[in-house]
file upload.cif (mmCIF, C-alpha atoms)
data_final
loop_
_atom_site.label_atom_id
_atom_site.label_comp_id
_atom_site.auth_asym_id
_atom_site.auth_seq_id
_atom_site.Cartn_x
_atom_site.Cartn_y
_atom_site.Cartn_z
CA MET A 1 217.06 116.96 260.02
CA THR A 2 216.39 113.21 260.07
CA GLU A 3 213.25 113.63 257.99
CA ALA A 4 215.14 115.76 255.48
CA ALA A 5 217.87 113.11 255.18
CA GLN A 6 215.30 110.35 254.68
CA SER A 7 213.48 112.42 252.09
CA ALA A 8 216.73 113.16 250.29
CA GLY A 9 217.62 109.47 250.41
CA GLY A 10 214.31 108.63 248.78
CA GLN A 11 214.89 111.26 246.11
CA PHE A 12 218.40 109.90 245.53
CA ALA A 13 217.01 106.43 244.99
CA ILE A 14 214.46 107.68 242.48
CA ILE A 15 217.02 109.76 240.62
CA HIS A 16 219.56 106.93 240.51
CA ARG A 17 216.94 104.50 239.25
CA LYS A 18 215.85 106.91 236.51
CA ILE A 19 219.47 107.63 235.55
CA ALA A 20 220.14 103.89 235.17
CA GLU A 21 216.93 103.43 233.18
CA TYR A 22 217.60 106.34 230.81
CA THR A 23 221.27 105.43 230.44
CA LEU A 24 220.39 101.94 229.24
CA LYS A 25 217.86 103.32 226.77
CA ILE A 26 220.06 106.05 225.36
CA GLU A 27 223.15 103.86 225.10
CA ALA A 28 221.14 101.28 223.17
CA ILE A 29 219.95 103.96 220.74
CA LEU A 30 223.38 105.56 220.37
CA SER A 31 225.23 102.28 219.90
CA GLU A 32 223.13 101.67 216.78
CA SER A 33 224.21 104.92 215.15
CA LYS A 34 226.76 104.77 212.33
CA THR A 35 227.24 108.55 212.28
CA THR A 36 230.60 109.99 213.32
CA ILE A 37 231.50 113.29 214.94
CA ASN A 38 234.72 115.22 214.27
CA VAL A 39 236.77 115.55 217.47
CA TYR A 40 238.58 118.71 216.37
CA THR A 41 235.33 120.53 215.66
CA VAL A 42 233.51 119.63 218.87
CA ILE A 43 236.34 119.42 221.41
CA ASP A 44 239.56 121.02 220.21
CA ALA A 45 238.10 124.16 218.61
CA PRO A 46 236.17 125.27 221.75
CA PHE A 47 239.29 124.67 223.87
CA GLU A 48 241.45 126.68 221.47
CA ASP A 49 238.96 129.55 221.53
CA ALA A 50 238.87 129.43 225.34
CA MET A 51 242.64 129.47 225.62
CA VAL A 52 242.86 132.53 223.37
CA GLU A 53 240.25 134.28 225.55
CA ILE A 54 242.12 133.44 228.74
CA ILE A 55 245.46 134.57 227.35
CA SER A 56 243.95 137.88 226.20
CA ASN A 57 242.05 138.49 229.47
CA VAL A 58 243.74 141.53 231.03
CA LYS A 59 241.92 141.01 234.34
CA LEU A 60 243.81 137.76 235.02
CA SER A 61 247.36 137.64 236.34
CA GLU A 62 249.94 135.54 234.51
CA MET A 63 249.74 132.97 237.31
CA GLU A 64 245.93 132.76 236.98
CA LYS A 65 246.26 132.40 233.22
CA ASP A 66 248.83 129.63 233.60
CA ARG A 67 246.64 127.81 236.13
CA ALA A 68 243.54 128.12 233.93
CA ILE A 69 245.40 126.89 230.84
CA ASP A 70 246.84 123.95 232.80
CA CYS A 71 243.34 123.02 233.98
CA LEU A 72 242.00 123.28 230.43
CA GLY A 73 244.83 121.15 229.09
CA ALA A 74 244.16 118.47 231.70
CA LEU A 75 240.44 118.43 230.92
CA GLN A 76 241.07 118.33 227.17
CA ALA A 77 243.51 115.43 227.62
CA GLN A 78 240.98 113.56 229.76
CA LEU A 79 238.21 114.05 227.22
CA LYS A 80 240.36 113.01 224.26
CA HIS A 81 242.12 110.07 225.91
CA GLY A 82 242.02 107.13 223.53
CA LEU A 83 239.97 108.92 220.88
CA ASP A 84 240.62 109.02 217.16
CA ARG A 85 239.77 111.91 214.84
CA GLU A 86 236.14 110.81 214.72
CA ILE A 87 233.92 109.60 217.55
CA THR A 88 230.58 107.86 217.68
CA PRO A 89 227.48 109.43 219.23
CA LEU A 90 227.94 107.03 222.16
CA HIS A 91 231.42 108.47 222.79
CA ALA A 92 230.01 111.98 222.48
CA HIS A 93 227.32 111.13 225.04
CA ARG A 94 229.96 109.94 227.49
CA ILE A 95 232.01 113.09 226.91
CA VAL A 96 228.96 115.27 227.61
CA ARG A 97 228.55 113.44 230.92
CA ILE A 98 232.22 113.94 231.84
CA VAL A 99 232.06 117.66 231.07
CA GLY A 100 228.80 117.97 233.00
CA ASP A 101 230.24 116.11 235.99
CA ARG A 102 233.46 118.11 236.01
CA GLY A 103 231.46 121.32 235.60
CA SER A 104 229.06 120.26 238.41
CA TRP A 105 226.20 120.55 235.91
CA GLY A 106 226.27 124.31 236.41
CA ILE A 107 225.26 123.93 240.06
CA GLY A 108 227.22 124.70 243.21
CA MET A 109 230.97 124.28 243.36
CA GLY A 110 232.45 123.64 239.99
CA PRO A 111 235.22 125.13 237.94
CA SER A 112 236.58 128.58 238.70
CA GLU A 113 234.78 131.58 237.25
CA GLU A 114 237.23 131.96 234.38
CA LEU A 115 236.72 128.29 233.40
CA LYS A 116 232.92 128.09 233.61
CA PRO A 117 232.42 129.55 230.11
CA VAL A 118 234.81 126.91 228.74
CA PHE A 119 232.89 124.06 230.33
CA ARG A 120 229.65 125.50 228.94
CA ALA A 121 231.15 125.96 225.45
CA VAL A 122 232.58 122.43 225.26
CA TYR A 123 229.41 120.93 226.74
CA ARG A 124 227.24 122.84 224.26
CA SER A 125 229.51 121.96 221.33
CA VAL A 126 229.55 118.21 221.99
CA LYS A 127 225.86 118.10 222.93
CA THR A 128 224.84 119.96 219.77
CA ALA A 129 226.89 117.58 217.64
CA LEU A 130 225.31 114.65 219.49
CA ASP A 131 221.80 116.02 218.91
CA VAL A 132 222.52 116.41 215.19
CA ALA A 133 224.14 112.97 214.89
CA ALA A 134 221.39 111.16 216.83
CA PRO A 135 218.21 113.26 216.81
CA GLU A 136 216.15 110.26 217.91
CA ALA A 137 217.97 110.36 221.26
CA LYS A 138 217.76 114.11 221.84
CA ASP A 139 214.75 114.22 224.19
CA LEU A 140 215.89 111.21 226.19
CA ASN A 141 219.40 112.67 226.46
CA GLU A 142 217.97 115.99 227.66
CA ARG A 143 216.00 114.22 230.40
CA LEU A 144 219.08 112.25 231.43
CA MET A 145 221.25 115.37 231.65
CA ASN A 146 218.55 117.05 233.77
CA LEU A 147 218.58 114.04 236.10
CA TYR A 148 222.34 114.36 236.50
CA ALA A 149 221.90 118.05 237.33
CA ALA A 150 219.19 117.20 239.87
CA LYS A 151 221.46 114.55 241.41
CA THR A 152 224.29 117.07 241.77
CA ASP A 153 221.92 119.65 243.23
CA LEU A 154 220.53 117.15 245.74
CA GLU A 155 224.06 116.06 246.71
CA SER A 156 224.99 119.69 247.26
CA LEU A 157 221.94 120.27 249.46
CA THR A 158 222.62 117.09 251.43
CA ASP A 159 226.28 118.05 251.95
CA THR A 160 225.19 121.48 253.16
CA ALA A 161 222.64 119.94 255.58
CA VAL A 162 225.22 117.49 256.95
CA HIS A 163 227.75 120.31 257.40
CA PHE A 164 225.13 122.49 259.10
CA ALA A 165 224.11 119.64 261.45
CA ALA A 166 227.75 119.00 262.38
CA CYS A 167 228.23 122.67 263.24
CA SER A 168 225.09 122.90 265.40
#
call {"tool": "encode", "arguments": {"input": "upload.cif", "output": "structure tokens"}}
result
Amino acid sequence: MTEAAQSAGGQFAIIHRKIAEYTLKIEAILSESKTTINVYTVIDAPFEDAMVEIISNVKLSEMEKDRAIDCLGALQAQLKHGLDREITPLHAHRIVRIVGDRGSWGIGMGPSEELKPVFRAVYRSVKTALDVAAPEAKDLNERLMNLYAAKTDLESLTDTAVHFAACS
């Protein structure tokens, strides 16, 4: 168990260092971009589509629908806080990270099953717009997002190991 924790700690250090390195590079590239991205198209439209799907889902109770819509509204408000109608690629990059973090990068515990498709749709929508607006950052952004997913996965494994050790 000790060796696994030390190994995980070493992996954490590498991942955190790479995340910091890639973040600096990508933010420098994105801050140079003069392109703008329409907030309604990349954020509001996917949320509206998701809300319609949830409301029309006959498998969900009214309480589950209300809870899901409340969660969506809170996430949408968080993502749009302080934004105008147009955002820069740098803002879009930060939104992709927020959605990925809140969605646990598709790994382990994240949003409820009925909300996972929404997280994926919003993530995909903003990321696609970002890739179009700043194609020179696409590969670097992809690597960075993979590092965040690896970090979340490693945290999940470490949490599981710690929990298992405590129960032994």
call {"tool": "resolve_selection", "arguments": {"input": "upload.cif", "expression": "the PyMOL selection byres ((chain A and resi 20-37) around 9)", "output": "list in words"}}
result
Ile15, His16, Arg17, Lys18, Ile19, Asn38, Val39, Thr41, Val42, Arg85, Glu86, Ile87, Thr88, Pro89, Leu90, His91, Ala92, His93, Val126, Ala129, Leu130, Ala133, Ala134, Glu136, Ala137, Leu140, Asn141, Arg143 and Leu144 of chain A
call {"tool": "closest_residue", "arguments": {"input": "upload.cif", "among": "A:Ala13, A:Ala77, A:Val96, A:Val118", "to": "A:Met51", "atoms": "all atoms listed in the file"}}
result
A:Val118
call {"tool": "atom_distance", "arguments": {"input": "upload.cif", "atom1": "atom CA of A:Asp44", "atom2": "atom CA of A:Thr152"}}
result
26.7 Å
call {"tool": "atom_distance", "arguments": {"input": "upload.cif", "atom1": "atom CA of A:Ala121", "atom2": "atom CA of A:Asp153"}}
result
21.0 Å
call {"tool": "residues_around", "arguments": {"input": "upload.cif", "residues": "stretch 55-72 of chain A", "least_positions_apart": "2", "cutoff": "12 Å", "atoms": "only C-alpha atoms", "output": "number ranges by chain"}}
result
A: 43-44, 46-53, 74-79, 99, 102-103, 111-119, 122
call {"tool": "atom_distance", "arguments": {"input": "upload.cif", "atom1": "atom CA of A:Ala149", "atom2": "atom CA of A:Lys80"}}
result
23.2 Å
call {"tool": "closest_residue", "arguments": {"input": "upload.cif", "among": "A:Lys127, A:His81, A:Lys138, A:Lys151", "to": "A:Arg97", "atoms": "only C-alpha atoms"}}
result
A:Lys127
